[in-house]
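Engineer: First, the structure itself, so that you have it in front of you.
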Amino acid sequence: MPQAVVSARALSKRFAAKDVLHEISVDVEAGDIVGVLGKNGAGKTTLLELLLGFSIPTSGSAEIFGEPSADLSAAAKKRIAFVPQQDELIDLLTGAQQLSLTAAFYEHWDRALIERLSAAWEIPLGRRIQTLSVGERQKLSLLLALGAHPELLVLDEPVASLDPIARRQFITEIVARARGTQRTVLFSSHIVSDLERAANKVWIIKDGRLAWAGDLDALKESVVRLHIHGRRALPGDLRVPDALASRVEGSRATVAAAHWTSERAAAVAARLDADVEVESLALEDIFLELHR
Amino acid sequence: MKAVARLVWTYLTALPILRWVGAVALASLPFAVIGMWPRTRGFIALPMLAFAIHSLSMTIAAGYLFRVLSSPRSHRFLPHFRGRSLAAFLAIVAVVSAPWLVIVAWAALRPPYAVTLVGPLFIIIVMVGFTFFPVGAAVTLVSLLAVGWLVTRFGLPHPTLVEVPSDAGPSALAIAVFLLCVWAAIWIAFSIWYLRVRRIEPIQTPAMILDKIGIGPAAGSVVFDRGRALEASLSAAHPQGARQRALFIAMLVVGTKLAVGAMSGLHLPLYTARVFLFFPGLVIPGTLLAAVATTHARRTRSVWLKSGLSRRGLLAAIEKQIWRRAAPGAIAVSVVLSTGLALAYDVAIPALARGLASAAATALLAVYLGVAFVRDSRLIELCVAAVLVASACVGAWSALSGPEHIGLWLATILSQAAAALAFRAIAIAQWRTIDWLVFKPVRIWSQSLR
């Protein structure tokens with residue numbers, strides 16, 4: 001089995017009296033594009049930054065390229081790029097100067113890619129960063145991360161301030177890079193449609209716990225909405241296995257359930273003496289159901 | 001009310017440098033009390049200076065932050081922001097001014113002091129003027145300084161601020177009342193302007209203003225090597241700031257010269273000169289290095305991955321950078337200001353040398369206090385600042401107090417050096433587990449107000 005690019009075992013983080021992350025165990029393999037979903041304050045940023053060694057876990061462990069995240073070697077760090085939620089650009093520099101500064105940290109810097117993307121994304125590199133809009137700053141931050149040709153690209157809310165065209169361009173770029181060169185991307189986003197378009201794996205964080213980690217397709221097959229039509233009034237507690245949320249009104253009920261299989265549908269129909277109609281859900285609906 | 005209260009709190013504590021200057025301001029309060037004490041009432045410069053430092057801390061807050069947060073980019077999501085922002089700012093002005101107005105009323109019974117004590121109330125106006133109308137304020141201030149210098153230079157008759165003749169012209173009380181009316185009128189006019197102006201442009205940083213007049217760092221290509229890139233990332237500064245540094249040094253030297261000239265013209269007594277020498281020359285530059293060090297420490301987050309350095313390596317990089325850049329700068333400011341003032345007032349050279357040694361010891365302690373505490377705790381910051389400022393004040397005071405206090409001076413600077421070594425060891429231990437999730441650069445956006 002190939003070594004995981006990113007690996008976490010029972011990773012927990014506690015700030016003061018609050019458990020921000022609780023026993024997260026995940027693996028990311030080379031070439032994966034993993035989308036991290038969660039409500040505000042769910043723990044997405046904490047998870048990404050723990051994985052990258054910005055913070056020390058309260059318990060558990062995190063590794064990147066087989067090295068402990070908090071003690072990464074220089075060689076391992078050179079294979080990683082990170083775009084934080086709040087950019088770390090230097091206001092007094094121009095965009096071009098910031099690119100030159102960042103390039104100085106890396107032995108291999110893809111100038112051709114930078115030129116192509118800065119033109120395509122219309123980044124005004126000649127202007128001082130303090131005069132750039134929030135969206136332009138975000139594009140520049142993304143450009144800085146891509147220029148180093150990282151094997152692992154970690155992005156925390158990378159497209160929150162971009163317009164739909166820039167978002168689409170960016171998603172296309174990272175998908176093409178990951179698929180063509182087996183590079184790994186880990187990104188959090190609130191924009192579920194972007195995540196659905198780019199990611200092949202999804203982690204859903206709910207209240208600091210991992211509600212789902214796995215293939216996006218498997219998630220979509222697994223989480224369904226059941227429309228139950230009983231032949232008589234249904235009980236208040238339907239006892240549907242792995243139910244996420246349910247609403248019962250007389251002889252009708254709607255239930256969102258995870259880990260769904262056709263065998264389970266048959267069993268529920270027989271037990272409740274009802275017809276069960278299974279509805280597939282889009283990722284956004286799944287996310288909402290998981291958070292009801 | 002809650003929103004206004006939160007704004008006030010933000011204005012006072014949003015930036016590390018604010019909290020540090022605030023600590024200096026608190027530490028200066030006892031000197032104000034000393035100045036008001038019946039047996040030492042003649043030391044009127046002490047409360048003046050204490051108030052000036054208070055005003056400085058409050059107005060960096062209320063001036064700079066007020067200005068930053070007044071631009072639409074910062075507050076566009078917040079309803080009724082203008083009114084609340086103005087209310088919070090005026091509350092700070094009131095907090096700073098109210099006790100002072102009481103003192104002015106008290107001093108009104110002692111004519112020589114009344115006018116002197118009104119003067120510092122205008123410091124906030126000057127600060128706000130510089131943040132909202134930088135060019136106009138600069139022109140006004142330079143004009144006033146130039147007039148003051150000309151008056152002094154050519155020995156023209158002028159009213160002395162300390163000793164207003166009670167039998168010539170309007171009484172000191174009348175002048176004080178007039179100045180207070182001017183002060184109030186300026187605030188009313190500013191409030192009306194603030195509430196009515198259509199758009200307040202984003203703040204022009206000094207770099208942008210210098211850029212406009214062609215003194216800013218070059219916007220063309222800059223070649224970075226790894227060392228320069230790390231240095232620029234940690235200080236968040238332009239690597240080609242030589243012209244700005246040269247301008248700053250020129251302004252410092254000229255400003256010191258003008259200030260010394262103006263003070264000579266005012267015939268301020270020696271103890272007053274010592275007070276000016278004490279705070280701006282020997283205490284503040286070194287103390288502020290702690291804020292610089294902690295800001296550098298926070299910015300290491302941005303190079304954790306890029307630099308390839310370990311946590312310990314990043315601490316070493318900060319140490320190297322501060323001792324190569326920021327600390328020599330702070331010590332140079334101390335030397336220029338202190339020497340200028342000392343020469344103007346015939347402060348004995350040994351006393352000056354002791355004072356500068358004290359400033360250097362304060363700088364040493366400040367650097368390691370600044371990097372030792374990597375928790376985002378304002379209580380810790382306050383304690384650290386209190387220790388630092390107290391030691392700096394004792395050191396500078398004993399240095400300037402004459403040969404009888406050499407023992408205390410020596411003990412203080414040796415203690416500062418020993419404490420610096422201890423805090424360096426604490427820093428090395430703390431940096432093994434530095435957590436950049438919480439210890440990260442301070443950003444001032446609208447979310448800090450929510």
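FYI, nothing fancy with the structure tokens labels: chains A, B, ... in order, residues from 1 per chain, ligands from 1 as they appear.
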How close does each residue of chain A get to chain B, giving the shortest atom pair and distance in Å to one decimal for every residue with an atom at most 9 Å away, counting only C-alpha atoms, sorted by chain and residue number, as a Markdown table?
Structural biologist:
| residue | atom | partner | partner_atom | distance |
| --- | --- | --- | --- | --- |
| A:Thr45 | CA | B:Leu437 | CA | 8.6 |
| A:Thr46 | CA | B:Leu437 | CA | 7.2 |
| A:Glu49 | CA | B:Leu437 | CA | 7.1 |
| A:Leu50 | CA | B:Leu437 | CA | 8.4 |
| A:Leu52 | CA | B:Leu305 | CA | 8.3 |
| A:Gly53 | CA | B:Trp304 | CA | 8.6 |
| A:Phe54 | CA | B:Trp436 | CA | 5.3 |
| A:Ser55 | CA | B:Asp435 | CA | 4.5 |
| A:Ile56 | CA | B:Thr433 | CA | 6.4 |
| A:Ala70 | CA | B:Thr433 | CA | 8.4 |
| A:Asp71 | CA | B:Ser310 | CA | 6.9 |
| A:Leu72 | CA | B:Ser310 | CA | 7.6 |
| A:Ser73 | CA | B:Gly308 | CA | 6.9 |
| A:Ala74 | CA | B:Gly308 | CA | 4.0 |
| A:Ala75 | CA | B:Gly308 | CA | 7.3 |
| A:Ala76 | CA | B:Gly308 | CA | 8.2 |
| A:Lys77 | CA | B:Leu305 | CA | 5.2 |
| A:Lys78 | CA | B:Lys306 | CA | 6.7 |
| A:Ile80 | CA | B:Leu305 | CA | 7.2 |
| A:Ala81 | CA | B:Leu305 | CA | 7.3 |
| A:Phe82 | CA | B:Leu305 | CA | 8.0 |
| A:Gln86 | CA | B:Arg443 | CA | 8.7 |
| A:Glu88 | CA | B:Ser302 | CA | 6.2 |
| A:Leu89 | CA | B:Ala236 | CA | 8.3 |
| A:Ile90 | CA | B:Ala236 | CA | 5.4 |
| A:Asp91 | CA | B:Ala236 | CA | 7.6 |
| A:Leu92 | CA | B:His238 | CA | 6.0 |
| A:Leu93 | CA | B:His238 | CA | 6.3 |
| A:Thr94 | CA | B:Ala219 | CA | 6.3 |
| A:Ala96 | CA | B:Ser221 | CA | 7.1 |
| A:Gln97 | CA | B:Val222 | CA | 6.0 |
| A:Ser100 | CA | B:Phe224 | CA | 6.5 |
| A:Leu101 | CA | B:Ala229 | CA | 5.1 |
| A:Thr102 | CA | B:Ala229 | CA | 7.1 |
| A:Ala103 | CA | B:Phe224 | CA | 8.4 |
| A:Ala104 | CA | B:Arg226 | CA | 5.2 |
| A:Phe105 | CA | B:Arg226 | CA | 5.6 |
| A:Tyr106 | CA | B:Lys306 | CA | 7.6 |
| A:Gly126 | CA | B:Ala219 | CA | 7.4 |
| A:Arg127 | CA | B:Ala219 | CA | 7.8 |
| A:Arg128 | CA | B:Ala219 | CA | 7.5 |
Engineer: Write out as a compact mmCIF listing (two decimals) with C-alpha atoms, in the first residue's frame which residues come within 12 Å of B:Ala363 when counting only C-alpha atoms, dropping same-chain ones fewer than 4 positions away.
Structural biologist:
# COMPACT_ATOMS: atom_id res chain seq x y z
CA LEU B 282 15.60 56.52 27.28
CA VAL B 283 12.42 54.58 28.01
CA ILE B 284 10.14 54.51 24.98
CA PRO B 285 12.45 53.41 22.10
CA GLY B 286 13.76 50.38 23.96
CA THR B 287 10.36 49.47 25.37
CA LEU B 288 8.74 49.48 21.95
CA LEU B 289 11.20 46.83 20.79
CA ALA B 290 9.05 44.35 22.71
CA ALA B 291 6.12 45.15 20.42
CA VAL B 292 8.42 44.87 17.41
CA ALA B 293 9.71 41.50 18.62
CA ILE B 322 16.06 42.20 15.47
CA TRP B 323 19.67 42.56 16.54
CA ALA B 326 15.27 46.95 14.78
CA ALA B 327 17.44 47.12 17.91
CA PRO B 328 20.20 49.27 16.39
CA GLY B 329 17.46 51.56 15.08
CA ALA B 330 15.82 51.92 18.49
CA ILE B 331 19.16 52.49 20.21
CA ALA B 332 20.10 55.05 17.55
CA VAL B 333 16.84 56.94 18.22
CA SER B 334 17.69 56.91 21.93
CA LEU B 356 22.12 55.21 27.34
CA ALA B 357 23.42 52.04 28.96
CA SER B 358 20.09 51.78 30.72
CA ALA B 359 18.27 52.23 27.39
CA VAL B 367 13.51 41.83 22.78
CA TYR B 368 13.42 38.66 24.86
CA LEU B 369 10.21 39.55 26.66
CA GLY B 370 8.69 40.16 23.23
CA LEU B 388 9.57 46.09 31.32
CA VAL B 389 8.39 49.66 31.76
CA SER B 391 12.56 48.39 35.05
CA ALA B 392 13.18 50.90 32.25
CA GLY B 395 17.04 52.38 35.28
CA ILE B 413 20.74 47.14 34.34
CA GLN B 416 17.60 43.56 33.19
CA ALA B 417 20.43 41.70 31.47
CA ALA B 419 16.24 38.70 33.14
CA ALA B 420 16.83 38.94 29.39
Engineer: Of the candidates B:Leu141, B:Val126, B:Ala399, B:Ala87, which one gets nearest to B:Ile186 if we count only C-alpha atoms?
Structural biologist: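 Of B:Leu141, B:Val126, B:Ala399, B:Ala87, the one nearest B:Ile186 is B:Val126, counting only C-alpha atoms.
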Engineer: Would you kindly return, as a PyMOL selection string, each protein, DNA or RNA residue with an atom no farther than 9 Å from any atom of A:Ile191, considering only C-alpha atoms and excluding same-chain residues fewer than 6 positions away?
Structural biologist: chain A and resi 37+157+159-160+284
Engineer: Go ahead and write the residues just picked, N, CA and C atoms, as a tab-separated table (two decimals), in the first residue's frame.
Structural biologist:
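For reference, again27.tsv as written:
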chain	number	residue	atom	x	y	z
A	37	LEU	N	-15.66	20.06	4.22
A	37	LEU	CA	-16.90	20.83	4.40
A	37	LEU	C	-17.25	20.92	5.87
A	157	GLU	N	-10.41	27.85	2.44
A	157	GLU	CA	-11.38	28.77	1.82
A	157	GLU	C	-10.73	29.55	0.67
A	159	VAL	N	-11.52	30.20	-2.43
A	159	VAL	CA	-12.24	30.94	-3.47
A	159	VAL	C	-13.35	31.81	-2.91
A	160	ALA	N	-13.34	32.02	-1.61
A	160	ALA	CA	-14.45	32.72	-0.96
A	160	ALA	C	-14.68	34.11	-1.55
A	284	GLU	N	-24.98	19.45	-1.51
A	284	GLU	CA	-25.48	20.52	-0.64
A	284	GLU	C	-26.61	20.01	0.25
